[in-house]
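A short write-up of the structure that comes next.
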2 protein chains.
Amino acid sequence: MDTVQSYLHACPARTVLEAITNKWTVLVLTSLRSNGGTMRFNELRRFLDGITQKMLTQTLRSLERDGMVRRTVYPTVPPRVDYSVTELGTSLGELFNTFGEWANENVDRIMAARTEFDTRPAPEPVN
Amino acid sequence: MDTVQSYLHACPARTVLEAITNKWTVLVLTSLRSNGGTMRFNELRRFLDGITQKMLTQTLRSLERDGMVRRTVYPTVPPRVDYSVTELGTSLGELFNTFGEWANENVDRIMAARTEFDTRPAPEPVN
DNA sequence: CAGAATCCGCGTAGATACTG
DNA sequence: CAGTATCTACGCGGATTCTG
């Protein structure tokens, strides 16, 4: 039987997972999608409320590089930059919706499991 | 309009996301599911090939706490501990499959976008 | 076999100051 | 407005050692 590692080193799922398993990517993509697909930098910043400027820039750059978000600069004064979710980003975002629905339906079971686990008596050592 | 933050602080999706956005959780759950649903500690360790003992223990404890995995200890010598994926874990694992399929279908577009982004000429400053 | 305990590097992310 | 540039911290995850 093959190991997971040998399978995963070149695994597409691994690539995509690494692209989204950070603090803000999912939230940024979801924000864009829930606001018509296009937002400006500080608009996103305010909406996300808590993200630092550095992390927003970093997250947007990463999403742009992965083809999830399109960055459009208007050479005006003051500058205006629009961030739009691409078709690819929309496609991925729809998965997040499915994920969110699962979370809504099952979060209670998870929280209950946690409570049960945390109040479980410590396994008493055999004398 | 509400900010994402105010929405997300108590968001089920956030809870579940935080539970799985780490290096090994998805891989451990997927390994269990792809091996009949039950594996022993060192069996998982070998299968994951690269995970340290600490991280495997930590990941399994977290999954157990969240009700995704059931830990069964057989009081034998040497000790035997089985880890089985629960119904809840199976349910979540199915989402990973959907996710994996999306990754398979779209990883090429992502890689292409990255190449395009990385070879894109640096925006030449206006003189 | 299935861990517990400890030490430590490194990267993610936050805070702050500055700019075209 | 939309960033860039630094500095710093905190914690995740890895390596190692030891145990019932």
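Labels used: A, B, ... for chains in the order of the structure tokens, numbers from 1 for residues in each chain, and numbers from 1 for ligands as shown.
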Filtered DSSP result for chain B, state alpha helix (DSSP H), as a PyMOL selection string: chain B and resi 4-8+12-20+25-33+41-48+53-65+87-119
Chain B contacts to chain A at 9 Å (only C-alpha atoms) as a VMD selection string: chain B and resid 1 to 6 8 11 to 18 20 to 23 27 30 to 31 46 to 50 64 to 68 88 91 to 92 95 to 96 98 to 118
Find the residues of chain B that sit at most 7 Å from chain C; for each, write down the nearest two atoms and how far apart they are in Å, to one decimal. Count only C-alpha atoms (C1' of nucleotides). Sort by chain, then by number going up, and give it as CSV.
residue,atom,partner,partner_atom,distance
B:Phe41,CA,C:DA2,C1',6.9
B:Pro78,CA,C:DC1,C1',5.6
B:Pro79,CA,C:DC1,C1',5.6
B:Arg80,CA,C:DC1,C1',6.6
Residues from last step as file, N, CA and C atoms, as a compact mmCIF listing (two decimals), in the first residue's frame:
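Resulting contents of out.txt:
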# COMPACT_ATOMS: atom_id res chain seq x y z
N PHE B 41 -2.11 3.15 15.94
CA PHE B 41 -1.25 4.34 16.00
C PHE B 41 -0.07 4.27 15.03
N PRO B 78 1.75 -6.17 24.40
CA PRO B 78 1.87 -4.71 24.39
C PRO B 78 0.53 -4.05 24.12
N PRO B 79 0.41 -2.78 24.49
CA PRO B 79 -0.86 -2.08 24.32
C PRO B 79 -1.27 -1.99 22.86
N ARG B 80 -2.57 -1.97 22.65
CA ARG B 80 -3.09 -1.79 21.31
C ARG B 80 -4.16 -0.71 21.37
Check which residues of chain A sit at most 12 Å from chain D using only C-alpha atoms (C1' of nucleotides), and return one row each with the closest pair of atoms and their distance in Å to one decimal, ordered by chain and rising number, as a tab-separated table.
residue	atom	partner	partner_atom	distance
A:Arg40	CA	D:DA2	C1'	9.4
A:Phe41	CA	D:DA2	C1'	6.9
A:Asn42	CA	D:DC1	C1'	7.8
A:Glu43	CA	D:DC1	C1'	10.6
A:Leu44	CA	D:DA2	C1'	11.9
A:Arg45	CA	D:DA2	C1'	11.1
A:Gln53	CA	D:DG3	C1'	8.5
A:Lys54	CA	D:DG3	C1'	9.0
A:Met55	CA	D:DG3	C1'	11.9
A:Leu56	CA	D:DG3	C1'	10.6
A:Thr57	CA	D:DG3	C1'	8.0
A:Gln58	CA	D:DG3	C1'	11.0
A:Arg61	CA	D:DG3	C1'	12.0
A:Val73	CA	D:DA2	C1'	10.0
A:Tyr74	CA	D:DC1	C1'	11.3
A:Pro75	CA	D:DC1	C1'	11.6
A:Thr76	CA	D:DC1	C1'	10.1
A:Val77	CA	D:DC1	C1'	8.4
A:Pro78	CA	D:DC1	C1'	5.6
A:Pro79	CA	D:DC1	C1'	5.6
A:Arg80	CA	D:DC1	C1'	6.6
A:Val81	CA	D:DA2	C1'	7.4
A:Asp82	CA	D:DA2	C1'	10.6
A:Pro125	CA	D:DG20	C1'	10.6
A:Val126	CA	D:DG20	C1'	11.0
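The coordinates place atom CA of Arg120 of chain A at 15.6 Å from atom CA of Val69 of chain B.
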Backbone DSSP call of strand (DSSP E) for chain A, listed as a PyMOL selection string: chain A and resi 38-40+69-74+80-85
Atomic separation - atom CA of Pro121 of chain A relative to atom CA of Tyr83 of chain B, Å: 19.8 Å
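Here atom CA of Thr59 of chain B is placed at a distance of 5.9 Å from atom CA of Thr25 of chain B.
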